[in-house]
Amino acid sequence: MGDGSGQRRGVREAPDRAAQAGGSFTTAVQEMFGSLAHRYDRFNHWASLGLDYGWRRAAIRSLHLSADAKVLDVATGTGDLAFTASRRARKTAAFDFSFQMIEIAAQKANKGDVEGVYFQVARAEQVPFRDGSFHGATSAFAMRNVKPMLDEVLVEIHRVLQPGGRVAILEFSRPPAAPVRWVHGLYVRSIMPRIGRWLAGSSEPFEYLHRSIEEWLRPEEFAGRLRAAGFAEVGYRRLAMGTVALHIGRKGD
Ligand SMILES: C[S@@+](CC[C@H](N)C(=O)[O-])C[C@H]1O[C@@H](n2cnc3c(N)ncnc32)[C@H](O)[C@@H]1O
């Protein structure tokens, strides 16, 4: 578990570089997000040009929640998707393995006009809830960061859903159209690290962001992983000219 020292030290090594050097990818992910937590929201909204709000609403709509629904947000970060879910659900549980991220999410919940959202520190590969606890589950932009244990994480999400419950997962994607891919590549490779350096004081996490998007699964490959984890009615929608994919699935009755 992160101990807060990442924030004082700044980002030491990108997770993929740490893993190549024989270290732990997951520990490096945890330290990286711990060190970025207090600047994360600013970067998020700037880098997505404010489009992230709409992506989160689309994810929650795709769960088809009833008013008494219980929702889980996996790797919630500073909680924005959980807050969006809480407008449609009776109860929203959300967790992240970065203590610093959860601290900020909880502060936002205390300041804002939100009800029924509960944050905790936990790991996506060991979801701390009983089988069948939720009507819907979400996760945004976290799957690249659990890539070494992706299948375990998807099986855990499937486990905690009730039969008939739906999952909605947002993740970055490489746009299918060549001109958009070129502009997007330039933006992620050159402009995002500059925004990152300006906002977060280091370009390392944003260079990792670029590499992790380049190396990420195509939406149809990720759909296959959802099916392998037990989900039915699996599909995806491309958003923002294909730079983001919204993946959906349903646990069989
Ligand atoms: C890119 S952020 C996304 C945060 C949030 N979902 C959002 O959309 O803003 C990825 C988050 O995944 C969390 N994370 C990565 N690996 C995790 C794991 N194994 N268990 C729990 N959280 C994890 C990180 O701490 C980080 O907060």
# chains A, B, ... in the order shown; residues from 1 in each chain; ligands from 1
>>> residues_near_ligand(ligand="ligand 1", cutoff="6 Å", atoms="only C-alpha atoms and all ligand atoms", output="compact mmCIF listing (two decimals) with N, CA and C atoms, in the first residue's frame")
# COMPACT_ATOMS: atom_id res chain seq x y z
N GLN A 30 0.74 2.29 -8.26
CA GLN A 30 0.23 2.84 -7.00
C GLN A 30 1.00 4.10 -6.59
N PHE A 33 0.09 7.09 -9.05
CA PHE A 33 -1.18 7.77 -8.81
C PHE A 33 -1.18 8.46 -7.45
N ALA A 75 -11.59 1.15 -9.01
CA ALA A 75 -10.45 2.05 -9.27
C ALA A 75 -10.98 3.45 -9.55
N THR A 76 -11.68 3.96 -8.56
CA THR A 76 -12.47 5.20 -8.71
C THR A 76 -11.62 6.46 -8.80
N GLY A 77 -10.35 6.38 -8.40
CA GLY A 77 -9.52 7.59 -8.41
C GLY A 77 -10.12 8.64 -7.49
N ASP A 96 -10.36 2.34 -4.52
CA ASP A 96 -9.11 2.52 -5.28
C ASP A 96 -7.99 2.07 -4.36
N PHE A 97 -6.87 1.62 -4.94
CA PHE A 97 -5.78 1.20 -4.05
C PHE A 97 -4.85 2.34 -3.69
N SER A 98 -5.12 3.52 -4.22
CA SER A 98 -4.32 4.68 -3.83
C SER A 98 -5.04 5.42 -2.69
N MET A 101 -5.69 9.08 -3.56
CA MET A 101 -6.85 9.31 -4.43
C MET A 101 -8.15 9.25 -3.62
N ALA A 122 -8.97 -0.29 -1.55
CA ALA A 122 -8.99 -1.73 -1.83
C ALA A 122 -8.37 -1.97 -3.20
N ARG A 123 -8.15 -3.24 -3.49
CA ARG A 123 -7.50 -3.61 -4.75
C ARG A 123 -8.50 -4.26 -5.69
N ALA A 124 -8.34 -3.94 -6.98
CA ALA A 124 -9.28 -4.44 -7.98
C ALA A 124 -9.19 -5.95 -8.17
N GLU A 125 -8.05 -6.53 -7.83
CA GLU A 125 -7.91 -7.97 -8.01
C GLU A 125 -8.45 -8.76 -6.81
N SER A 139 -16.01 1.17 -14.34
CA SER A 139 -14.62 1.51 -14.12
C SER A 139 -14.19 2.40 -15.27
N ALA A 140 -13.41 3.42 -14.97
CA ALA A 140 -12.99 4.35 -16.02
C ALA A 140 -11.48 4.49 -16.04
N PHE A 141 -10.90 4.23 -17.18
CA PHE A 141 -9.49 4.51 -17.48
C PHE A 141 -8.53 3.82 -16.50
N ALA A 142 -8.97 2.68 -15.99
CA ALA A 142 -8.13 1.96 -15.04
C ALA A 142 -7.61 0.65 -15.62
N ASN A 145 -4.08 0.03 -16.42
CA ASN A 145 -3.21 0.00 -15.23
C ASN A 145 -3.29 -1.29 -14.44
N VAL A 146 -4.22 -2.18 -14.84
CA VAL A 146 -4.27 -3.50 -14.20
C VAL A 146 -3.97 -4.58 -15.25
>>> residues_around(residues="A:Asp253", least_positions_apart="3", cutoff="10 Å", atoms="only C-alpha atoms", output="tab-separated table (two decimals) with N, CA and C atoms, in the first residue's frame")
chain	number	residue	atom	x	y	z
A	162	GLN	N	-24.94	-8.91	-9.40
A	162	GLN	CA	-26.09	-9.81	-9.33
A	162	GLN	C	-26.35	-10.39	-10.71
A	163	PRO	N	-27.01	-11.53	-10.82
A	163	PRO	CA	-27.42	-12.01	-12.13
A	163	PRO	C	-28.24	-10.92	-12.84
A	164	GLY	N	-27.94	-10.66	-14.07
A	164	GLY	CA	-28.63	-9.61	-14.82
A	164	GLY	C	-27.97	-8.24	-14.66
A	165	GLY	N	-27.01	-8.12	-13.75
A	165	GLY	CA	-26.33	-6.83	-13.53
A	165	GLY	C	-25.43	-6.49	-14.71
A	232	ALA	N	-22.05	-11.72	-20.77
A	232	ALA	CA	-22.84	-11.92	-21.99
A	232	ALA	C	-23.22	-10.52	-22.52
A	250	ARG	N	-23.17	-7.89	-19.61
A	250	ARG	CA	-24.23	-8.23	-18.65
A	250	ARG	C	-23.94	-9.60	-18.06
>>> residues_around(residues="A:Tyr118", least_positions_apart="3", cutoff="12 Å", atoms="only C-alpha atoms", output="list in words")
Lys70, Val71, Leu72, Asp73, Thr76, Gly79, Ala82, Phe83, Ala85, Ser86, Arg90, Lys91, Thr92, Ala93, Ala94, Phe95, Asp96, Ile102, Glu103, Ala105, Ala106, Gln107, Lys108, Ala109, Asn110, Val114, Glu115 and Val121 of chain A
>>> residues_around(residues="A:Leu63", least_positions_apart="2", cutoff="12 Å", atoms="only C-alpha atoms", output="MDAnalysis selection string")
chainID A and resid 56:61 65:67 69:72 85 88:89 134:139 161 164:169 246:251
>>> atom_distance(atom1="atom CA of A:Gly34", atom2="atom CA of A:Asp80")
16.7 Å
>>> decode(residues="stretch 156-188 of chain A", atoms="C-alpha atoms", output="compact mmCIF listing (two decimals), in the first residue's frame")
# COMPACT_ATOMS: atom_id res chain seq x y z
CA GLU A 156 -13.92 -10.14 -9.70
CA ILE A 157 -16.24 -7.53 -11.23
CA HIS A 158 -18.41 -10.33 -12.65
CA ARG A 159 -18.48 -12.07 -9.26
CA VAL A 160 -19.82 -9.09 -7.31
CA LEU A 161 -22.62 -8.38 -9.81
CA GLN A 162 -26.09 -9.81 -9.33
CA PRO A 163 -27.42 -12.01 -12.13
CA GLY A 164 -28.63 -9.61 -14.82
CA GLY A 165 -26.33 -6.83 -13.53
CA ARG A 166 -24.43 -4.75 -16.07
CA VAL A 167 -20.87 -3.53 -16.36
CA ALA A 168 -19.73 -0.34 -18.11
CA ILE A 169 -16.01 0.24 -18.63
CA LEU A 170 -14.41 3.30 -20.20
CA GLU A 171 -10.94 3.05 -21.64
CA PHE A 172 -8.83 4.92 -24.14
CA SER A 173 -8.58 3.52 -27.61
CA ARG A 174 -6.71 4.11 -30.84
CA PRO A 175 -9.07 5.76 -33.33
CA PRO A 176 -9.82 3.57 -36.38
CA ALA A 177 -9.66 6.44 -38.94
CA ALA A 178 -6.04 7.14 -39.97
CA PRO A 179 -6.21 11.00 -39.95
CA VAL A 180 -7.84 11.05 -36.49
CA ARG A 181 -5.28 8.49 -35.30
CA TRP A 182 -2.49 10.75 -36.49
CA VAL A 183 -3.84 13.88 -34.75
CA HIS A 184 -4.68 11.92 -31.61
CA GLY A 185 -1.20 10.33 -31.58
CA LEU A 186 0.37 13.76 -31.82
CA TYR A 187 -1.84 15.07 -29.01
CA VAL A 188 -1.15 12.16 -26.67
